[in-house]
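Shown below: input.tsv, with TSV, C-alpha atoms and all ligand atoms.
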```
chain	number	residue	atom	x	y	z
C	152	MET	CA	166.97	-66.25	-36.91
C	153	ARG	CA	163.54	-67.85	-37.01
C	154	LYS	CA	164.20	-69.77	-33.73
C	155	LEU	CA	165.19	-66.61	-31.88
C	156	LEU	CA	162.08	-64.81	-32.97
C	157	PHE	CA	159.97	-67.74	-31.70
C	158	LEU	CA	161.63	-67.74	-28.27
C	159	GLY	CA	161.14	-64.01	-28.00
C	160	MET	CA	157.42	-64.45	-28.43
C	161	VAL	CA	157.01	-67.42	-26.08
C	162	LEU	CA	159.21	-66.41	-23.14
C	163	PRO	CA	157.07	-63.48	-21.92
C	164	PHE	CA	154.10	-65.86	-21.58
C	165	VAL	CA	156.11	-68.41	-19.62
C	166	GLY	CA	157.14	-65.60	-17.22
C	167	ILE	CA	153.51	-64.60	-16.58
C	168	ALA	CA	152.46	-68.23	-15.96
C	169	CYS	CA	155.10	-68.57	-13.20
C	170	VAL	CA	153.94	-65.61	-11.10
C	171	THR	CA	150.20	-66.31	-11.29
C	172	ALA	CA	149.03	-67.30	-7.75
C	173	VAL	CA	147.38	-70.66	-7.32
C	174	ASP	CA	143.65	-70.22	-6.60
C	175	PRO	CA	142.99	-71.98	-3.21
C	176	CYS	CA	139.41	-72.54	-4.33
C	177	ALA	CA	140.38	-74.16	-7.61
C	178	ASP	CA	139.71	-77.75	-6.41
C	179	VAL	CA	137.01	-76.95	-3.84
C	180	THR	CA	133.39	-77.76	-4.50
C	181	CYS	CA	130.89	-76.38	-2.00
C	182	ASP	CA	127.32	-77.38	-1.15
C	183	GLN	CA	124.46	-75.32	-2.37
C	184	GLY	CA	124.11	-72.09	-0.35
C	185	GLU	CA	127.85	-72.07	0.34
C	186	SER	CA	130.72	-70.47	-1.50
C	187	CYS	CA	134.44	-71.07	-1.40
C	188	VAL	CA	136.37	-68.29	0.35
C	189	GLU	CA	140.14	-68.82	0.50
C	190	GLY	CA	139.78	-72.56	0.19
C	191	GLU	CA	136.99	-72.94	2.79
C	192	CYS	CA	133.28	-73.42	2.21
C	193	VAL	CA	131.27	-70.76	4.05
C	194	ALA	CA	127.53	-70.18	4.10
C	195	ASP	CA	126.52	-67.45	1.67
C	196	ASP	CA	124.20	-65.99	4.34
C	197	PRO	CA	125.56	-66.21	7.92
C	198	CYS	CA	121.97	-66.14	9.13
C	199	ALA	CA	120.86	-69.00	6.87
C	200	ASP	CA	120.75	-71.68	9.63
C	201	ILE	CA	119.88	-69.39	12.54
C	202	VAL	CA	116.37	-69.10	13.93
C	203	CYS	CA	115.86	-66.34	16.51
C	204	THR	CA	113.08	-66.09	19.11
C	205	THR	CA	110.31	-63.54	18.68
C	206	GLY	CA	111.54	-59.97	19.06
C	207	PHE	CA	115.02	-60.92	17.90
C	208	SER	CA	116.45	-60.99	14.40
C	209	CYS	CA	119.61	-62.47	12.98
C	210	VAL	CA	122.26	-59.90	12.10
C	211	ASP	CA	125.60	-61.21	10.80
C	212	GLY	CA	124.94	-64.62	12.31
C	213	ALA	CA	123.89	-63.39	15.77
C	214	CYS	CA	120.45	-62.88	17.27
C	215	VAL	CA	119.93	-59.24	18.34
C	216	ALA	CA	116.86	-57.61	19.84
C	217	ASP	CA	114.70	-55.86	17.24
C	218	ASP	CA	114.05	-53.01	19.66
C	219	PRO	CA	117.05	-52.01	21.82
C	220	CYS	CA	114.58	-50.87	24.47
C	221	GLU	CA	112.94	-54.29	24.69
C	222	GLY	CA	113.29	-55.56	28.24
C	223	VAL	CA	114.56	-52.17	29.49
C	224	THR	CA	112.50	-50.69	32.33
C	225	CYS	CA	113.10	-47.07	33.20
C	226	ASP	CA	112.28	-45.10	36.36
C	227	GLU	CA	109.33	-42.77	36.40
C	228	GLY	CA	110.11	-39.58	34.47
C	229	GLU	CA	112.56	-41.45	32.26
C	230	SER	CA	112.14	-43.11	28.90
C	231	CYS	CA	114.22	-45.61	27.03
C	232	VAL	CA	116.06	-44.17	24.01
C	233	ASP	CA	118.31	-46.56	22.06
C	234	GLY	CA	118.47	-48.91	25.00
C	235	ALA	CA	119.40	-46.27	27.60
C	236	CYS	CA	117.15	-44.55	30.15
C	237	VAL	CA	117.10	-40.78	29.74
C	238	ALA	CA	115.10	-38.18	31.67
C	239	ASP	CA	111.95	-37.09	29.86
C	240	ASP	CA	112.60	-33.48	30.83
C	241	PRO	CA	116.29	-32.60	31.34
C	242	CYS	CA	115.21	-29.74	33.59
C	243	GLU	CA	113.24	-32.01	35.90
C	244	GLY	CA	114.68	-31.69	39.39
C	245	VAL	CA	116.89	-28.73	38.41
C	246	THR	CA	116.38	-25.63	40.55
C	247	CYS	CA	117.96	-22.41	39.32
C	248	ASP	CA	118.80	-19.17	41.13
C	249	GLU	CA	116.57	-16.15	40.72
C	250	GLY	CA	117.13	-14.54	37.34
C	251	GLU	CA	118.10	-17.86	35.82
C	252	SER	CA	116.09	-20.51	34.04
C	253	CYS	CA	116.77	-24.10	33.18
C	254	VAL	CA	117.48	-24.72	29.48
C	255	ASP	CA	118.32	-28.30	28.48
C	256	GLY	CA	119.22	-29.15	32.04
C	257	GLU	CA	121.53	-26.15	32.57
C	258	CYS	CA	120.84	-22.95	34.48
C	259	VAL	CA	121.32	-19.93	32.24
C	260	ALA	CA	120.70	-16.26	32.86
C	261	ASP	CA	117.25	-15.04	31.96
C	262	MET	CA	117.83	-12.88	28.95
C	263	THR	CA	114.44	-11.24	28.91
C	264	GLY	CA	112.09	-9.60	31.36
C	265	GLY	CA	114.69	-7.27	32.82
C	266	ASP	CA	113.75	-4.26	34.89
C	267	ALA	CA	114.99	-1.03	33.26
C	268	GLU	CA	114.88	0.93	36.53
C	269	VAL	CA	116.93	-1.65	38.39
C	270	GLY	CA	119.25	-1.73	35.39
C	271	ALA	CA	119.63	2.07	35.42
C	272	ALA	CA	120.67	2.07	39.06
C	273	PHE	CA	123.04	-0.81	38.53
C	274	TYR	CA	124.54	0.88	35.47
C	275	ALA	CA	125.02	4.22	37.27
C	276	THR	CA	126.88	2.54	40.10
C	277	ASN	CA	128.97	0.03	38.16
C	278	CYS	CA	129.32	1.00	34.53
C	279	SER	CA	128.70	4.66	33.73
C	280	ALA	CA	132.12	5.86	34.92
C	281	CYS	CA	133.78	4.01	32.07
C	282	HIS	CA	131.03	3.59	29.48
C	283	ALA	CA	129.39	7.06	29.94
C	284	ASP	CA	125.90	7.82	31.29
C	285	ASP	CA	124.36	7.25	27.86
C	286	ALA	CA	126.56	4.17	27.19
C	287	SER	CA	128.15	5.95	24.23
C	288	GLY	CA	131.60	5.14	25.60
C	289	ASN	CA	134.40	6.78	27.54
C	290	ILE	CA	137.29	4.64	28.77
C	291	GLY	CA	135.26	1.64	27.67
C	292	PRO	CA	133.61	1.35	24.26
C	293	ASN	CA	130.07	2.25	23.22
C	294	ILE	CA	127.70	-0.45	24.49
C	295	GLN	CA	124.40	1.13	23.46
C	296	GLY	CA	121.75	-1.38	22.50
C	297	PHE	CA	123.77	-4.38	23.74
C	298	THR	CA	121.69	-7.43	24.56
C	299	ALA	CA	122.05	-9.27	27.85
C	300	ALA	CA	124.04	-12.01	26.13
C	301	GLU	CA	126.37	-9.47	24.48
C	302	LEU	CA	126.84	-7.68	27.78
C	303	GLN	CA	127.72	-10.89	29.55
C	304	THR	CA	130.21	-11.86	26.86
C	305	GLY	CA	131.78	-8.40	26.89
C	306	VAL	CA	132.00	-8.10	30.67
C	307	GLU	CA	133.39	-11.59	31.15
C	308	GLY	CA	135.74	-11.16	28.20
C	309	ALA	CA	137.56	-8.06	29.51
C	310	GLY	CA	139.66	-8.32	32.64
C	311	ILE	CA	138.98	-4.70	33.53
C	312	HIS	CA	135.55	-5.78	34.82
C	313	GLY	CA	137.05	-8.16	37.34
C	314	SER	CA	136.17	-6.02	40.36
C	315	ILE	CA	132.48	-5.71	39.45
C	316	THR	CA	130.12	-8.17	41.10
C	317	ILE	CA	127.50	-8.89	38.50
C	318	GLU	CA	124.85	-11.60	38.76
C	319	ALA	CA	123.26	-13.39	35.87
C	320	GLY	CA	119.96	-11.54	36.33
C	321	ASP	CA	121.67	-8.13	36.20
C	322	TYR	CA	122.31	-8.52	32.49
C	323	ALA	CA	118.62	-8.64	31.68
C	324	ASP	CA	118.08	-5.47	33.76
C	325	LEU	CA	120.99	-3.77	31.98
C	326	GLU	CA	119.62	-4.78	28.59
C	327	ALA	CA	116.25	-3.29	29.51
C	328	PHE	CA	117.94	-0.08	30.67
C	329	LEU	CA	120.18	0.22	27.58
C	330	ALA	CA	117.10	-0.23	25.39
C	331	THR	CA	115.56	2.90	26.97
C	332	LEU	CA	118.57	4.95	25.79
C	333	LEU	CA	118.05	4.20	22.12
B	401	LIG	C1	136.88	0.60	35.00
B	401	LIG	C2	136.23	0.90	33.76
B	401	LIG	C3	135.07	0.02	33.33
B	401	LIG	C4	133.94	-0.29	34.05
B	401	LIG	C5	133.58	0.14	35.47
B	401	LIG	C6	133.12	-1.09	33.18
B	401	LIG	N1	133.73	-1.28	31.97
B	401	LIG	FE1	133.04	-2.35	30.42
B	401	LIG	N2	134.75	-2.06	29.43
B	401	LIG	C7	135.79	-1.25	29.86
B	401	LIG	C8	136.85	-1.30	28.89
B	401	LIG	C9	138.17	-0.55	28.98
B	401	LIG	C10	136.43	-2.15	27.87
B	401	LIG	C11	137.18	-2.59	26.63
B	401	LIG	C12	138.00	-3.80	27.03
B	401	LIG	C13	138.68	-4.43	25.88
B	401	LIG	O1	138.38	-4.14	24.73
B	401	LIG	O2	139.53	-5.29	26.19
B	401	LIG	C14	135.10	-2.59	28.23
B	401	LIG	C15	134.34	-3.45	27.46
B	401	LIG	C16	133.04	-3.76	27.72
B	401	LIG	C17	132.18	-4.49	26.88
B	401	LIG	C18	132.56	-5.09	25.53
B	401	LIG	C19	132.21	-4.09	24.45
B	401	LIG	C20	132.40	-4.61	23.08
B	401	LIG	O3	132.41	-3.80	22.15
B	401	LIG	O4	132.55	-5.82	22.91
B	401	LIG	C21	130.98	-4.56	27.47
B	401	LIG	C22	129.74	-5.27	26.95
B	401	LIG	C23	131.09	-3.89	28.73
B	401	LIG	N3	132.34	-3.40	28.86
B	401	LIG	C24	130.05	-3.76	29.62
B	401	LIG	C25	130.20	-3.18	30.87
B	401	LIG	C26	129.15	-3.18	31.86
B	401	LIG	C27	127.75	-3.73	31.64
B	401	LIG	C28	129.65	-2.59	32.94
B	401	LIG	C29	128.97	-2.38	34.26
B	401	LIG	C30	128.47	-3.61	34.89
B	401	LIG	C31	131.03	-2.22	32.65
B	401	LIG	N4	131.32	-2.62	31.37
B	401	LIG	C32	131.88	-1.60	33.53
B	401	LIG	C33	135.84	-0.52	31.02
B	401	LIG	C34	134.92	-0.62	32.03
```
Before we go any further, please render this structure as structure tokens.
Amino acid sequence: MRKLLFLGMVLPFVGIACVTAVDPCADVTCDQGESCVEGECVADDPCADIVCTTGFSCVDGACVADDPCEGVTCDEGESCVDGACVADDPCEGVTCDEGESCVDGECVADMTGGDAEVGAAFYATNCSACHADDASGNIGPNIQGFTAAELQTGVEGAGIHGSITIEAGDYADLEAFLATLL
């Protein structure tokens, strides 16, 4: 009885000892400034023995330029950003149609400075049949007080407007006209 009890206490420990992995660094002794990793001695700091020239620093064992724009020469009107040459002004060299302006390098419809009289004439010819003379709506919905951007979204978003030729600048004129109705 006593023997069985003893075995019962010892066996679980024997089992644990058998599955414990052997440490590959157990017998390895490394120089100062090095540590054992999976049985091999590696420098604690990969930059420890590396000396970089001026303007370069060691990162993960390699010399990299402190400033990514160092040595980069850009054309006139361009500047180096993160090592790449980008135009100082994205609208430089961009010419837009009348009624459009360059914003961030893209031509977009001028949304202000519309001419209410031009807008009134344009509206009477192209829009009033469906949206009513006072824009309160008829076949089409009420568009009173719509901004140029809202008008553009609404016109381009409904297929019924497909036959109307409308230029970017017309929206600003329409906005100015619709504002006079309020
Ligand atoms: C043939 C009739 C017709 C003409 C002409 C017309 N529209 Fe419309 N319009 C509609 C209809 C119908 C809708 C609603 C479409 C829908 O909801 O799918 C609409 C929708 C709109 C909307 C969206 C309104 C909203 O609540 O989002 C705007 C903006 C608009 N029109 C502006 C104009 C302008 C500006 C003109 C003139 C350049 C014009 N429309 C000419 C019939 C017309």
Kindly compile the residues surrounding ligand LIG 401 (chain B) within 8 Å, counting only C-alpha atoms and all ligand atoms, and format them as a PDB file with C-alpha atoms, in the frame of the given file.
```pdb
ATOM      1  CA  PHE C 273     123.040  -0.810  38.530  1.00  0.00           C
ATOM      2  CA  TYR C 274     124.540   0.880  35.470  1.00  0.00           C
ATOM      3  CA  THR C 276     126.880   2.540  40.100  1.00  0.00           C
ATOM      4  CA  ASN C 277     128.970   0.030  38.160  1.00  0.00           C
ATOM      5  CA  CYS C 278     129.320   1.000  34.530  1.00  0.00           C
ATOM      6  CA  SER C 279     128.700   4.660  33.730  1.00  0.00           C
ATOM      7  CA  ALA C 280     132.120   5.860  34.920  1.00  0.00           C
ATOM      8  CA  CYS C 281     133.780   4.010  32.070  1.00  0.00           C
ATOM      9  CA  HIS C 282     131.030   3.590  29.480  1.00  0.00           C
ATOM     10  CA  ILE C 290     137.290   4.640  28.770  1.00  0.00           C
ATOM     11  CA  GLY C 291     135.260   1.640  27.670  1.00  0.00           C
ATOM     12  CA  PRO C 292     133.610   1.350  24.260  1.00  0.00           C
ATOM     13  CA  ASN C 293     130.070   2.250  23.220  1.00  0.00           C
ATOM     14  CA  ILE C 294     127.700  -0.450  24.490  1.00  0.00           C
ATOM     15  CA  PHE C 297     123.770  -4.380  23.740  1.00  0.00           C
ATOM     16  CA  GLU C 301     126.370  -9.470  24.480  1.00  0.00           C
ATOM     17  CA  LEU C 302     126.840  -7.680  27.780  1.00  0.00           C
ATOM     18  CA  GLN C 303     127.720 -10.890  29.550  1.00  0.00           C
ATOM     19  CA  THR C 304     130.210 -11.860  26.860  1.00  0.00           C
ATOM     20  CA  GLY C 305     131.780  -8.400  26.890  1.00  0.00           C
ATOM     21  CA  VAL C 306     132.000  -8.100  30.670  1.00  0.00           C
ATOM     22  CA  GLY C 308     135.740 -11.160  28.200  1.00  0.00           C
ATOM     23  CA  ALA C 309     137.560  -8.060  29.510  1.00  0.00           C
ATOM     24  CA  GLY C 310     139.660  -8.320  32.640  1.00  0.00           C
ATOM     25  CA  ILE C 311     138.980  -4.700  33.530  1.00  0.00           C
ATOM     26  CA  HIS C 312     135.550  -5.780  34.820  1.00  0.00           C
ATOM     27  CA  ILE C 315     132.480  -5.710  39.450  1.00  0.00           C
ATOM     28  CA  THR C 316     130.120  -8.170  41.100  1.00  0.00           C
ATOM     29  CA  ILE C 317     127.500  -8.890  38.500  1.00  0.00           C
ATOM     30  CA  TYR C 322     122.310  -8.520  32.490  1.00  0.00           C
ATOM     31  CA  LEU C 325     120.990  -3.770  31.980  1.00  0.00           C
TER      32      LEU C 325
END
```
Item to check | Selected residue, from C:Ala330, C:Gly320, C:Cys192, C:Gly234, that lies nearest to C:Pro219 when counting all atoms listed in the file | outcome: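 Comparing C:Ala330, C:Gly320, C:Cys192, C:Gly234 against C:Pro219, the winner is C:Gly234.
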Checklist entry - Nearest to C:Asp226 among C:Val269, C:Ala238, C:Phe328, C:Glu191, with distances taken over only C-alpha atoms: which residue is it? => result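 Closest to C:Asp226 of all the choices is C:Ala238.
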Item to check | Separation of atom CA of C:Cys258 from atom CA of C:Glu243 in Å | outcome: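 Distance between the two atoms: 11.9 Å.
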Checklist entry - Which one is closest to C:Ala194: C:Ser287, C:Gly296, C:Asp178, C:Asp211? Count only C-alpha atoms. => result C:Asp211
Could the centre and edge lengths of an axis-aligned box, enclosing all atoms of stretch 196-203 of chain C in the file with 6 Å extra on each side, be given in Å to one decimal as AutoDock Vina command-line options?
```
--center_x 120.7 --center_y -68.8 --center_z 10.4 --size_x 21.7 --size_y 17.7 --size_z 24.2
```
Next on the checklist: Set the distance at 10 Å and use all atoms listed in the file: which residues neighbour C:Ala177 once local chain neighbours fewer than 2 positions away are removed? I'd like the list as a list in words.
Outcome noted: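 Using all atoms listed in the file, the neighbours found are Val173, Asp174, Pro175, Val179, Thr180, Cys187, Glu189 and Gly190 of chain C.
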Which polymer residues, protein or nucleic acid, are no farther than 12 Å from (118.0, -21.5, 40.0), counting all atoms listed in the file, as a PDB file with C-alpha atoms, in the coordinates of the input?
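Writing the result to result22.pdb gives the following:
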```pdb
ATOM      1  CA  CYS C 242     115.210 -29.740  33.590  1.00  0.00           C
ATOM      2  CA  GLY C 244     114.680 -31.690  39.390  1.00  0.00           C
ATOM      3  CA  VAL C 245     116.890 -28.730  38.410  1.00  0.00           C
ATOM      4  CA  THR C 246     116.380 -25.630  40.550  1.00  0.00           C
ATOM      5  CA  CYS C 247     117.960 -22.410  39.320  1.00  0.00           C
ATOM      6  CA  ASP C 248     118.800 -19.170  41.130  1.00  0.00           C
ATOM      7  CA  GLU C 249     116.570 -16.150  40.720  1.00  0.00           C
ATOM      8  CA  GLY C 250     117.130 -14.540  37.340  1.00  0.00           C
ATOM      9  CA  GLU C 251     118.100 -17.860  35.820  1.00  0.00           C
ATOM     10  CA  SER C 252     116.090 -20.510  34.040  1.00  0.00           C
ATOM     11  CA  CYS C 253     116.770 -24.100  33.180  1.00  0.00           C
ATOM     12  CA  VAL C 254     117.480 -24.720  29.480  1.00  0.00           C
ATOM     13  CA  GLY C 256     119.220 -29.150  32.040  1.00  0.00           C
ATOM     14  CA  GLU C 257     121.530 -26.150  32.570  1.00  0.00           C
ATOM     15  CA  CYS C 258     120.840 -22.950  34.480  1.00  0.00           C
ATOM     16  CA  VAL C 259     121.320 -19.930  32.240  1.00  0.00           C
ATOM     17  CA  ALA C 260     120.700 -16.260  32.860  1.00  0.00           C
ATOM     18  CA  ASP C 261     117.250 -15.040  31.960  1.00  0.00           C
ATOM     19  CA  ALA C 319     123.260 -13.390  35.870  1.00  0.00           C
ATOM     20  CA  GLY C 320     119.960 -11.540  36.330  1.00  0.00           C
TER      21      GLY C 320
END
```
Checklist entry - To one decimal place, how far is atom CA of C:Glu227 from atom CA of C:Asp255 in Å? => result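 Taking atom CA of C:Glu227 and atom CA of C:Asp255, their separation equals 18.8 Å.
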Taking N, CA and C atoms as the atom set, what does stretch 295-330 of chain C look like once completed, written as a short mmCIF file (atom, residue, chain, number, x, y, z; two decimals), in the frame of the given file?
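Writing done, so here's out_3.cif:
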```cif
data_model
loop_
_atom_site.label_atom_id
_atom_site.label_comp_id
_atom_site.auth_asym_id
_atom_site.auth_seq_id
_atom_site.Cartn_x
_atom_site.Cartn_y
_atom_site.Cartn_z
N GLN C 295 125.82 0.85 23.65
CA GLN C 295 124.40 1.13 23.46
C GLN C 295 123.72 -0.02 22.72
N GLY C 296 122.55 -0.36 23.19
CA GLY C 296 121.75 -1.38 22.50
C GLY C 296 122.27 -2.80 22.66
N PHE C 297 123.26 -3.01 23.54
CA PHE C 297 123.77 -4.38 23.74
C PHE C 297 122.69 -5.25 24.37
N THR C 298 122.62 -6.49 23.94
CA THR C 298 121.69 -7.43 24.56
C THR C 298 122.35 -8.02 25.81
N ALA C 299 121.54 -8.66 26.63
CA ALA C 299 122.05 -9.27 27.85
C ALA C 299 123.20 -10.24 27.54
N ALA C 300 123.01 -11.03 26.48
CA ALA C 300 124.04 -12.01 26.13
C ALA C 300 125.33 -11.30 25.70
N GLU C 301 125.19 -10.21 24.92
CA GLU C 301 126.37 -9.47 24.48
C GLU C 301 127.07 -8.81 25.66
N LEU C 302 126.27 -8.30 26.59
CA LEU C 302 126.84 -7.68 27.78
C LEU C 302 127.65 -8.70 28.59
N GLN C 303 127.04 -9.86 28.76
CA GLN C 303 127.72 -10.89 29.55
C GLN C 303 129.04 -11.29 28.89
N THR C 304 129.00 -11.49 27.58
CA THR C 304 130.21 -11.86 26.86
C THR C 304 131.27 -10.77 26.99
N GLY C 305 130.83 -9.51 26.83
CA GLY C 305 131.78 -8.40 26.89
C GLY C 305 132.37 -8.20 28.27
N VAL C 306 131.53 -8.30 29.30
CA VAL C 306 132.00 -8.10 30.67
C VAL C 306 132.95 -9.23 31.07
N GLU C 307 132.54 -10.46 30.76
CA GLU C 307 133.39 -11.59 31.15
C GLU C 307 134.65 -11.68 30.30
N GLY C 308 134.60 -11.05 29.10
CA GLY C 308 135.74 -11.16 28.20
C GLY C 308 136.83 -10.13 28.46
N ALA C 309 136.55 -9.10 29.26
CA ALA C 309 137.56 -8.06 29.51
C ALA C 309 137.93 -8.04 30.99
N GLY C 310 139.18 -8.23 31.27
CA GLY C 310 139.66 -8.32 32.64
C GLY C 310 139.39 -7.08 33.47
N ILE C 311 139.19 -5.96 32.81
CA ILE C 311 138.98 -4.70 33.53
C ILE C 311 137.71 -4.77 34.39
N HIS C 312 136.80 -5.65 34.07
CA HIS C 312 135.55 -5.78 34.82
C HIS C 312 135.67 -6.68 36.04
N GLY C 313 136.84 -7.17 36.28
CA GLY C 313 137.05 -8.16 37.34
C GLY C 313 136.54 -7.75 38.70
N SER C 314 136.56 -6.45 39.01
CA SER C 314 136.17 -6.02 40.36
C SER C 314 134.66 -5.82 40.50
N ILE C 315 133.93 -5.93 39.39
CA ILE C 315 132.48 -5.71 39.45
C ILE C 315 131.78 -7.02 39.79
N THR C 316 130.92 -6.98 40.78
CA THR C 316 130.12 -8.17 41.10
C THR C 316 128.83 -8.06 40.30
N ILE C 317 128.67 -8.96 39.38
CA ILE C 317 127.50 -8.89 38.50
C ILE C 317 126.85 -10.26 38.41
N GLU C 318 125.59 -10.33 38.75
CA GLU C 318 124.85 -11.60 38.76
C GLU C 318 124.20 -11.80 37.41
N ALA C 319 123.87 -13.05 37.16
CA ALA C 319 123.26 -13.39 35.87
C ALA C 319 122.05 -12.52 35.56
N GLY C 320 121.18 -12.30 36.55
CA GLY C 320 119.96 -11.54 36.33
C GLY C 320 120.21 -10.07 36.04
N ASP C 321 121.38 -9.54 36.44
CA ASP C 321 121.67 -8.13 36.20
C ASP C 321 121.75 -7.81 34.71
N TYR C 322 122.16 -8.78 33.93
CA TYR C 322 122.31 -8.52 32.49
C TYR C 322 120.98 -8.19 31.83
N ALA C 323 119.93 -8.90 32.26
CA ALA C 323 118.62 -8.64 31.68
C ALA C 323 118.17 -7.23 32.06
N ASP C 324 118.45 -6.82 33.33
CA ASP C 324 118.08 -5.47 33.76
C ASP C 324 118.87 -4.44 32.95
N LEU C 325 120.15 -4.70 32.75
CA LEU C 325 120.99 -3.77 31.98
C LEU C 325 120.49 -3.66 30.54
N GLU C 326 120.12 -4.81 29.97
CA GLU C 326 119.62 -4.78 28.59
C GLU C 326 118.37 -3.89 28.52
N ALA C 327 117.48 -4.08 29.49
CA ALA C 327 116.25 -3.29 29.51
C ALA C 327 116.58 -1.80 29.65
N PHE C 328 117.55 -1.48 30.50
CA PHE C 328 117.94 -0.08 30.67
C PHE C 328 118.57 0.48 29.39
N LEU C 329 119.50 -0.26 28.80
CA LEU C 329 120.18 0.22 27.58
C LEU C 329 119.17 0.44 26.46
N ALA C 330 118.12 -0.37 26.43
CA ALA C 330 117.10 -0.23 25.39
C ALA C 330 116.38 1.11 25.54
#
```
